[in-house]
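**Student:** The following block contains the structure, expressed as structure tokens.
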Amino acid sequence: MRRPAITSLAAAAVAAALATSCSSPGSTASGDGGAKEVEVALITSTSGPLASYGEQYLQGFEAGLDHATDGTGRIDGVEIKVSRYDDGGDPAKGVSLAKKSAGQGVRIIAGTAASGVATQIAPVAAQNKILYISGPAATDAVTGANKYTFRSGRQTFQDVATAQQILMKQEGGAEGGSGKGKKVVVLAQDNAFGQANVAAVESVLGTGGTTVDSVLAPPSATDLTPTATKVKAAKPDMVFVAWAGDTAQSMWTTLDQQGVLDAATVVTGLDSRASYPVFGKARDKVTLLAHYVPGAIDNPEAKAVEEYFGKKGWKTDLFTPDGFNAAQMVAQAVREAGADGDTDAMVEALEGHTFAGIKGENTVRASDHALLQPMFQAEFDGDAPKVVLTADAREVAPTEKKIG
């Protein structure tokens, strides 16, 4: 059976890295000259509604692996081989690819932009005792899922906690950010990502007398007027918008047309570069929380990514950090576990691990594998966003969970 070639992402061209061949499966192998290698399966969306997020993640991973290995694709003589798979945002397909990879002896799986896929791959990792490092998928359910599951991006709780920090500062420190007797409506899609946002807003902002309701739209909906009408009819003091995918422009246009942006404080996450023009006149009406603001951080890692992306003709984007972090975590796991790919050694290497990313310092919380990291408030300065507030990783740390 033919399978994607397992070709180093340190190779000169992505096309070469994604070529097909009949190479033998296995987590450890002897290549030319007896070199050792460890295989990594990247499973994420390169088609479907989250395709752009998947591509951002893959580019970040490539740059991160180049940085972590000084351009060699090797850690202590062990070559990191990578195969790339498209889950299309489909949980069943993601699980099938994860099981196939495990059956071929792959010891590390990373990726997915879709929360629904990540929550289904996590049990596969536990069943097969392989390391899984989730990607941009934001659902809180990934944190603490099992011993073998980690994450390289932020989670929904951190988004909402950032909104709380923003609101507290705007309102002089009022508890819960929205104040007693206030009403918050969560506008999201009716999927794992949207449902996770509702749960997080309820747990973070739904305290101190604050009421939290939700309006969930079908992920496939293109006419969002009924959804916007429901939001406005609820008469909220604040609308927390959690939206992903290609319908974002239609959503914002509809909210503006229906007067929602003028009727309440609207808080949302800064999306990809392609979405910047989507806000249009709404830019001054929306409070932006940000996982990452391209070009805003000046550290060695950020400079390395900008240099690498410059050579490729790419631009850093929302989920570049998630891919970069994943590569850093893979490098750390391989550094400590070696070519034998002992999963328990990899887990031990990552638990409590602190490392520098392109948005600042990251720490893998040992107790539940949450990735503690700074978050930001942003506002537009012309056509591009800029950071106006940095929330310390401790201020937005998720509630600690028990693994498994």
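We label chains A, B, ... in the order they appear in the structure tokens, count residues from 1 in each chain, and number ligands from 1 in the order shown.
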Can you pull out every residue within 9 Å of Ala331 in chain A, counting only C-alpha atoms, but drop anything in the same chain fewer than 6 positions away, and send it as an mmCIF file with C-alpha atoms, in the first residue's frame?

**Tutor:**
```cif
data_model
loop_
_atom_site.group_PDB
_atom_site.id
_atom_site.type_symbol
_atom_site.label_atom_id
_atom_site.label_comp_id
_atom_site.auth_asym_id
_atom_site.auth_seq_id
_atom_site.Cartn_x
_atom_site.Cartn_y
_atom_site.Cartn_z
ATOM 1 C CA LEU A 65 11.685 22.274 13.148
ATOM 2 C CA ALA A 68 14.999 23.525 16.726
ATOM 3 C CA THR A 69 17.430 21.507 14.621
ATOM 4 C CA ARG A 74 18.161 16.141 13.317
ATOM 5 C CA ILE A 75 18.289 16.092 17.108
ATOM 6 C CA ILE A 80 12.959 13.681 12.449
#
```

**Student:** Would you list, as a list in words, the residues of range 296-398 of chain A that end up in strand (DSSP E) under DSSP run on this structure's backbone?

**Tutor:** Thr354, Phe355, Ala356, Gly357, Gly360, Glu361, Asn362, Thr363, Val364, Leu371, Leu372, Met375, Phe376, Gln377, Ala378, Glu379, Phe380, Asp381, Ala384, Pro385, Lys386, Val387, Val388, Leu389, Thr390 and Ala391 of chain A

**Student:** Neighbours of Gln120 in chain A within 9 Å (only C-alpha atoms; same-chain residues fewer than 4 positions away dropped), as a list in words?

**Tutor:**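 Contacts, with the query itself left out: Pro91, Ala92, Gly94, Val95, Ser115, Gly116 and Val124 of chain A.
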
**Student:** If we count only C-alpha atoms, what is near Arg154 in chain A at a cut-off of 8 Å, once residues fewer than 5 positions away on the same chain are taken out, given as a compact mmCIF listing (two decimals) with all heavy atoms, in the first residue's frame?

**Tutor:**
```
# COMPACT_ATOMS: atom_id res chain seq x y z
N PRO A 136 -3.97 23.69 16.63
CA PRO A 136 -4.81 24.86 16.91
C PRO A 136 -6.16 24.55 17.55
O PRO A 136 -6.81 25.48 18.04
CB PRO A 136 -5.01 25.49 15.52
CG PRO A 136 -3.84 25.03 14.73
CD PRO A 136 -3.56 23.65 15.21
N ALA A 138 -9.00 24.30 19.81
CA ALA A 138 -9.02 25.08 21.05
C ALA A 138 -9.86 24.48 22.17
O ALA A 138 -9.82 24.99 23.30
CB ALA A 138 -9.53 26.50 20.76
N ASP A 159 -8.82 32.09 25.98
CA ASP A 159 -9.48 33.16 25.24
C ASP A 159 -10.44 33.93 26.15
O ASP A 159 -10.43 35.16 26.20
CB ASP A 159 -10.29 32.58 24.08
CG ASP A 159 -9.42 32.12 22.91
OD1 ASP A 159 -8.26 32.56 22.83
OD2 ASP A 159 -9.92 31.34 22.09
N HIS A 291 -4.84 35.57 20.44
CA HIS A 291 -3.92 34.46 20.70
C HIS A 291 -2.52 34.87 20.25
O HIS A 291 -1.52 34.61 20.93
CB HIS A 291 -4.42 33.23 19.95
CG HIS A 291 -3.41 32.14 19.76
ND1 HIS A 291 -2.62 31.67 20.78
CD2 HIS A 291 -3.08 31.41 18.66
CE1 HIS A 291 -1.84 30.69 20.31
NE2 HIS A 291 -2.10 30.53 19.04
N LEU A 371 -1.09 24.22 28.12
CA LEU A 371 0.07 25.00 27.70
C LEU A 371 -0.13 26.43 28.18
O LEU A 371 -0.93 27.18 27.62
CB LEU A 371 0.24 24.96 26.19
CG LEU A 371 1.53 25.60 25.67
CD1 LEU A 371 2.76 24.81 26.16
CD2 LEU A 371 1.54 25.70 24.15
N LEU A 372 0.60 26.82 29.22
CA LEU A 372 0.50 28.16 29.79
C LEU A 372 1.29 29.12 28.92
O LEU A 372 2.45 28.86 28.59
CB LEU A 372 1.02 28.16 31.22
CG LEU A 372 0.42 27.08 32.15
CD1 LEU A 372 0.92 27.28 33.57
CD2 LEU A 372 -1.10 27.09 32.10
N GLN A 373 0.67 30.25 28.57
CA GLN A 373 1.27 31.17 27.61
C GLN A 373 0.63 32.55 27.74
O GLN A 373 -0.50 32.67 28.23
CB GLN A 373 1.04 30.65 26.19
CG GLN A 373 -0.43 30.49 25.84
CD GLN A 373 -0.67 29.63 24.62
OE1 GLN A 373 -0.44 30.09 23.51
NE2 GLN A 373 -1.12 28.40 24.82
```

**Student:** Quote the spacing between CA of Asn146 in chain A and CA of Glu79 in chain A in Å to one decimal place.

**Tutor:**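 Going from CA of Asn146 in chain A over to CA of Glu79 in chain A, I get 27.5 Å.
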
**Student:** For Ala333 in chain A, which residue among A:Arg107, A:Lys99, A:Arg84, A:Lys232 is the nearest when counting only C-alpha atoms?

**Tutor:** A:Arg107

**Student:** Just checking: using only C-alpha atoms, which residue out of A:Val106, A:Ala113, A:Leu58, A:Leu205 ends up closest to Gln164 in chain A?

**Tutor:** A:Leu205
